[in-house]
Every structure is written in structure tokens, then in C-alpha cells.
Amino acid sequence: MTGSDVKRVGVIGGGQLAWMMGAAAKKLGLHLIVQTPYRDDPAVGIADDVVLAQVEDASATAQLAQQCDVITFENEFVDLAGLGAIASQGVVFAPSLRAIAPILDKFDQRSFYQSIHVPTPRFQAITSVSELDASFGFPVVLKARRHGYDGYGTFVCKTQAELEAVLQKPGQSWLVEAFVPFERELAVMAARGRFPQGKCAAPLARTLHESHEIALYPVVESQQEQQVCRRVYALNEFSESVTEQVGAIARQILTALDYVGVLGIELFLTTDGHVLVNEIAPRVHNSGHYTLDACATSQFEQHLRAVAGLPLGSTALTCAGAVMVNLLGFETAESDYAALRQQLAAIPQAQVYWYGKSESRPGRKLGHVTVRLQPGQGRAEAEAIAHQVEAIWYGESD
């Protein structure tokens with residue numbers, strides 16, 4: 001099968017990330033089939049077909065494979081061993097299982113960075129306080145090695161007692177990291193095509209050790225609160241040194257993994273101008289949502305282009321910049337918040353995305369707002385816009 005023959009793309013996961021692939025799939029003439037457990041998940045409404053099953057159900061993925069030319073991922077909570085049995089029968093995954101294997105466990109992920117000489121915070125696998133190397137000092141960052149996201153499974157421990165209390169939680173493996181006193185948190189969306197440049201009609205299996213097309217989006221600032229992304233600024237405001245460091249890291253990771261698709265990379269910018277990798281996600285990512293409105297090719301279209309074997313699109317900004325604000329749940333309720341969304345939509349150059357989730361709870365990602373900046377607008381205007389969005393959504397007291 002050649003890249004141009006790919007018409008049916010399977011997506012493991014049916015949340016908002018898969019939902020936002022819908023418009024891009026139509027544009028590219030692709031059919032999406034999603035594997036997701038609930039009929040009211042966001043992507044069910046845009047999918048051409050649905051396999052109703054948990055995302056880690058490999059037997060359901062085998063059914064999905066019968067309807068697809070290639071399978072990709074909306075999240076990484078998968079049964080890698082089970083999927084391996086399917087891949088051995090010729091099912092194509094993009095990114096490949098070999099590419100995502102070092103990413104699923106955070107200790108493996110850190111070890112991978114170390115093996116390819118990508119700068120990353122100091123780390124150690126740990127099960128008890130007594131194992132902690134005393135030279136770490138406090139505070140430290142403790143992370144669940146598997147299944148952590150949006151702040152879940154991440155703890156900043158300021159004392160030995162706090163660390164010990166978290167480590168007593170049963171049924172979890174842990175990674176401890178040195179606390180980085182960063183200046184800003186950065187992110188970049190990076191894409192790598194399926195085939196060597198100029199060979200989009202090459203066989204699907206032909207990937208390794210050849211020069212593939214790579215496309216990098218602008219470096220953005222990602223602001224976190226309680227380990228959850230609150231807002232993203234895409235302003236082209238970083239020095240050449242910083243952007244070159246980020247670009248080199250992104251290319252090194254994509255090539256070492258032999259990665260196909262879009263990869264989200266989160267980084268720390270230290271006070272002395274150095275860049276360290278924090279984490280990577282083998283999929284489209286929250287920090288790239290601004291690309292839907294502010295870039296020539298959205299991250300969602302780019303991902304589908306890559307996994308389907310199509311040429312990658314331009315990543316250039318189509319405006320002076322953008323600010324993206326997540327709409328996080330602030331209460332436990334069932335509401336579509338129509339009145340608040342109407343106020344947000346009235347902000348000049350704003351685009352509101354509502355994920356259609358029926359239940360709100362504190363910290364849950366319910367939607368996001370992207371506001372395109374006009375010529376002459378910069379950091380001060382972007383921050384004012386973010387404050388305006390959050391004042392509407394959370395109330396003036398927030």
C-alpha cells in the first residue's frame with residue numbers, strides 16, 4: 001500500500017483530540033474510525049464509524065484494524081504488548097509501537113533522553129524515601145511512571161515527610177526528578193512524515209534511517225497551574241539561541257524514535273538560557289491547539305497528513321500571534337455554559353471550541369478559546385486577553 005492509498009484512519013481514543021481531527025479528515029478526504037468506550041465521547045459525533053471499547057482493549061483494536069489502513073493514537077493509555085501481537089500480523093501503526101514504547105513510562109522516557117544526549121532534569125526511579133539520593137535535596141518532583149496526565153500523578157514535594165506520604169500510595173511506581181527553577185515552560189509541536197523526502201509513494205514499511213520530512217511549529221510558552229496547562233502564548237518572542245536549542249532537540253527526538261506523526265514536546269527554559277526537556281506526548285497536544293486558528297496547517301491536519309503518507313503542510317503563523325486559554329471545569333455540574341460561551345465568542349478575533357462533555361468537574365478540560373492577535377499587538381495585549389477570558393469563565397474573583 002502506498003501513502004496515497006490511505007483513506008481510512010483508525011484512532012485509538014475518542015476524546016477532544018480525536019474530535020478536532022474531524023474537520024481536517026474531511027479536508028483531506030480521509031475517513032476516521034475511532035475506538036472509544038462511551039457513545040457520548042466527543043469524537044463519536046464526527047467519526048465515520050466507532051468501535052465501542054476501552055482504549056487499552058487490544059482485541060477491540062484488532063477489530064478496528066479490519067476497517068482501517070493505518071491506526072494512530074489520541075492517547076497513550078494502551079496495552080503495548082497486546083498491540084504488538086496485532087502489529088506482527090501486518091497492521092500498521094503510526095507512530096509505530098517501537099516509537100511510542102520509550103514514552104509510555106516516564107522513567108523509560110527520561111532514560112531515552114539520556115541515551116541520545118538530550119538535556120533533561122536529573123531523575124531516579126524510587127519506591128521509598130530511603131532510596132532517594134541525598135544529593136537531590138528538596139524540593140523534588142515526584143511523578144507516577146504510568147498514566148499521569150493533566151497534573152494527576154505529579155507532586156512537588158517540599159520535604160521528606162511530603163515525599164514519604166505520597167510514596168505510601170499503593171499500586172504505583174514512581175519517578176523522582178530534580179526541581180528545575182525555570183524561567184518559563186515552553187512547548188513545541190513537531191511533525192515527521194512517513195516517507196523519506198520526495199518519496200511519498202514509497203512502501204509503508206520503508207522508514208528507518210532515511211531523511212524524512214520534518215516540520216516544526218513555533219516555540220510557545222505554556223503556563224501551568226497545579227500541573228495543568230492554563231494558557232498558551234504563541235508570540236514568536238524567543239531568542240534565536242532558544243529556538244535553535246528547541247529545534248535541535250525536536251529533530252533529535254523525532255529521528256531517534258523514527259517517529260511518524262505529530263509529537264508534543266514540553267520543555268523548561270532555565271534562567272541562564274538553557275533548554276531542558278520535561279516530557280513528550282506521542283500525539284497531538286493541548287499546547288498546539290492554537291494552530292487551528294493561527295497556523296497555515298493545524299496540528300490535527302499535520303498529524304493526519306503524516307500518518308497517511310501525505311506531504312507535510314506549512315507551520316507558519318497566519319497572524320501576528322495568538323493566545324489560547326483552556327476552559328477548565330470549576331465545579332461539579334451538568335451544564336453546557338452557553339451564556340459564558342456566548343460572552344467568550346464576543347471577544348474580537350476569538351474562536352471558542354466546546355468539547356461537548358456532559359459533565360463538568362474541577363480541572364476537567366471542557367473546551368478552549370483561541371484569540372488571534374492583530375499587527376502591533378504583543379505580550380501585553382495577549383496577557384490582557386487571557387485575563388479577560390478567565391474573568392468571564394471563572395468570574396472576577398478568580
# chains A, B, ... in the order shown; residues from 1 in each chain; ligands from 1
$ select_by_dssp --residues "region 217-390 of chain A" --states "strand (DSSP E or B)" --output "number ranges by chain"
A: 220-225, 228-234, 261-270, 275-281, 295, 317, 321-328, 333, 350-354, 360, 365-373
$ select_by_dssp --residues "region 121-300 of chain A" --states "alpha helix (DSSP H)" --output "PyMOL selection string"
chain A and resi 160-167+240-257+291-294+299-300
$ closest_residue --among "A:Lys106, A:Arg184, A:Arg98, A:Arg194" --to "Thr154 (chain A)" --atoms "only C-alpha atoms"
A:Lys106
$ closest_residue --among "A:Ser130, A:Thr332, A:Gln63, A:Gln377" --to "Pro362 (chain A)" --atoms "only C-alpha atoms"
A:Thr332
$ residues_around --residues "region 386-390 of chain A" --least-positions-apart "3" --cutoff "8 Å" --atoms "only C-alpha atoms" --output "list in words"
Arg231, Val323, Met324, Val325, Leu344, Val369, Ala382, Glu383, Trp393, Tyr394, Gly395 and Asp398 of chain A
$ closest_atom_pairs --of "region 67-150 of chain A" --to "region 245-264 of chain A" --cutoff "12 Å" --atoms "only C-alpha atoms" --output "tab-separated table"
residue	atom	partner	partner_atom	distance
A:Val70	CA	A:Val260	CA	11.7
A:Ile71	CA	A:Gly261	CA	11.2
A:Thr72	CA	A:Gly261	CA	8.6
A:Phe73	CA	A:Gly261	CA	9.8
A:Glu74	CA	A:Val262	CA	10.8
A:Asn75	CA	A:Leu263	CA	11.6
A:Glu76	CA	A:Leu263	CA	11.9
A:Val92	CA	A:Val260	CA	11.4
A:Phe93	CA	A:Val260	CA	9.2
A:Ala94	CA	A:Val260	CA	5.7
A:Pro95	CA	A:Val260	CA	4.7
A:Ser96	CA	A:Tyr259	CA	7.1
A:Leu97	CA	A:Tyr259	CA	9.7
A:Arg98	CA	A:Leu257	CA	7.6
A:Ala99	CA	A:Leu257	CA	4.9
A:Ile100	CA	A:Leu257	CA	7.9
A:Ala101	CA	A:Leu257	CA	9.3
A:Pro102	CA	A:Leu257	CA	8.6
A:Ile103	CA	A:Leu257	CA	9.8
A:Gln109	CA	A:Ile253	CA	10.9
A:Arg110	CA	A:Ile253	CA	11.9
A:Phe112	CA	A:Ile253	CA	9.1
A:Tyr113	CA	A:Ile253	CA	7.9
A:Gln114	CA	A:Ile253	CA	11.1
A:Ser115	CA	A:Ala256	CA	9.9
A:Ile116	CA	A:Ala256	CA	7.5
A:His117	CA	A:Gln252	CA	9.2
A:Val118	CA	A:Ile249	CA	6.5
A:Pro119	CA	A:Ile249	CA	8.4
A:Thr120	CA	A:Ile249	CA	10.6
$ atom_distance --atom1 "CA of Val284 (chain A)" --atom2 "CA of Leu235 (chain A)"
20.1 Å
$ closest_residue --among "A:Ile265, A:Leu328, A:Ile126, A:Val371" --to "Thr291 (chain A)" --atoms "only C-alpha atoms"
A:Val371
$ atom_distance --atom1 "CA of Ala306 (chain A)" --atom2 "CA of Glu213 (chain A)"
9.2 Å
$ closest_residue --among "A:Gly321, A:Pro121, A:Gly313, A:Gly367" --to "Glu237 (chain A)" --atoms "only C-alpha atoms"
A:Gly321
$ residues_around --residues "Asp48 (chain A)" --least-positions-apart "6" --cutoff "12 Å" --atoms "only C-alpha atoms" --output "PyMOL selection string"
chain A and resi 7-11+19+22+25-26+29-35+67-68
$ write_last_selection --atoms "N, CA and C atoms" --output "PDB file, in the first residue's frame"
ATOM      1  N   LYS A   7      -6.919   5.817   3.052  1.00  0.00           N
ATOM      2  CA  LYS A   7      -8.181   6.543   3.082  1.00  0.00           C
ATOM      3  C   LYS A   7      -8.900   6.408   4.418  1.00  0.00           C
ATOM      4  N   ARG A   8      -8.576   5.352   5.183  1.00  0.00           N
ATOM      5  CA  ARG A   8      -9.278   5.082   6.428  1.00  0.00           C
ATOM      6  C   ARG A   8      -8.267   5.056   7.574  1.00  0.00           C
ATOM      7  N   VAL A   9      -8.437   5.998   8.487  1.00  0.00           N
ATOM      8  CA  VAL A   9      -7.513   6.136   9.614  1.00  0.00           C
ATOM      9  C   VAL A   9      -8.232   5.767  10.899  1.00  0.00           C
ATOM     10  N   GLY A  10      -7.703   4.789  11.605  1.00  0.00           N
ATOM     11  CA  GLY A  10      -8.235   4.424  12.909  1.00  0.00           C
ATOM     12  C   GLY A  10      -7.583   5.265  13.985  1.00  0.00           C
ATOM     13  N   VAL A  11      -8.371   5.674  14.973  1.00  0.00           N
ATOM     14  CA  VAL A  11      -7.856   6.477  16.081  1.00  0.00           C
ATOM     15  C   VAL A  11      -8.208   5.776  17.387  1.00  0.00           C
ATOM     16  N   TRP A  19     -11.716  14.402  18.228  1.00  0.00           N
ATOM     17  CA  TRP A  19     -12.804  15.243  17.711  1.00  0.00           C
ATOM     18  C   TRP A  19     -12.266  16.355  16.827  1.00  0.00           C
ATOM     19  N   GLY A  22     -11.572  15.891  13.076  1.00  0.00           N
ATOM     20  CA  GLY A  22     -12.687  15.678  12.166  1.00  0.00           C
ATOM     21  C   GLY A  22     -12.672  16.573  10.948  1.00  0.00           C
ATOM     22  N   ALA A  25      -9.818  15.721   8.617  1.00  0.00           N
ATOM     23  CA  ALA A  25     -10.049  14.483   7.874  1.00  0.00           C
ATOM     24  C   ALA A  25     -10.927  14.733   6.655  1.00  0.00           C
ATOM     25  N   LYS A  26     -11.981  15.511   6.824  1.00  0.00           N
ATOM     26  CA  LYS A  26     -12.860  15.833   5.693  1.00  0.00           C
ATOM     27  C   LYS A  26     -12.099  16.591   4.623  1.00  0.00           C
ATOM     28  N   GLY A  29     -10.009  14.220   2.682  1.00  0.00           N
ATOM     29  CA  GLY A  29     -10.705  13.082   2.087  1.00  0.00           C
ATOM     30  C   GLY A  29     -10.453  11.778   2.814  1.00  0.00           C
ATOM     31  N   LEU A  30     -10.223  11.859   4.122  1.00  0.00           N
ATOM     32  CA  LEU A  30      -9.962  10.676   4.930  1.00  0.00           C
ATOM     33  C   LEU A  30     -11.181  10.333   5.770  1.00  0.00           C
ATOM     34  N   HIS A  31     -11.348   9.048   6.065  1.00  0.00           N
ATOM     35  CA  HIS A  31     -12.417   8.574   6.932  1.00  0.00           C
ATOM     36  C   HIS A  31     -11.811   8.195   8.279  1.00  0.00           C
ATOM     37  N   LEU A  32     -12.433   8.671   9.363  1.00  0.00           N
ATOM     38  CA  LEU A  32     -11.960   8.365  10.710  1.00  0.00           C
ATOM     39  C   LEU A  32     -12.845   7.317  11.361  1.00  0.00           C
ATOM     40  N   ILE A  33     -12.219   6.290  11.930  1.00  0.00           N
ATOM     41  CA  ILE A  33     -12.916   5.287  12.726  1.00  0.00           C
ATOM     42  C   ILE A  33     -12.259   5.305  14.108  1.00  0.00           C
ATOM     43  N   VAL A  34     -13.039   5.537  15.145  1.00  0.00           N
ATOM     44  CA  VAL A  34     -12.459   5.692  16.476  1.00  0.00           C
ATOM     45  C   VAL A  34     -12.803   4.507  17.368  1.00  0.00           C
ATOM     46  N   GLN A  35     -11.885   4.196  18.262  1.00  0.00           N
ATOM     47  CA  GLN A  35     -12.102   3.211  19.318  1.00  0.00           C
ATOM     48  C   GLN A  35     -12.198   3.966  20.627  1.00  0.00           C
ATOM     49  N   GLN A  67     -10.993  -2.352   9.689  1.00  0.00           N
ATOM     50  CA  GLN A  67     -11.697  -1.278   8.992  1.00  0.00           C
ATOM     51  C   GLN A  67     -10.768  -0.154   8.544  1.00  0.00           C
ATOM     52  N   CYS A  68      -9.468  -0.278   8.807  1.00  0.00           N
ATOM     53  CA  CYS A  68      -8.552   0.851   8.622  1.00  0.00           C
ATOM     54  C   CYS A  68      -7.329   0.473   7.792  1.00  0.00           C
TER      55      CYS A  68
END
$ atom_distance --atom1 "CA of Asp57 (chain A)" --atom2 "CA of Lys143 (chain A)"
25.2 Å
$ residues_around --residues "Arg372 (chain A)" --least-positions-apart "2" --cutoff "9 Å" --atoms "only C-alpha atoms" --output "ChimeraX atom specification"
/A:290,293-294,319-324,348-351,370,374
$ closest_residue --among "A:Thr315, A:Gln16, A:Ser59, A:Ser111" --to "Asp41 (chain A)" --atoms "only C-alpha atoms"
A:Gln16
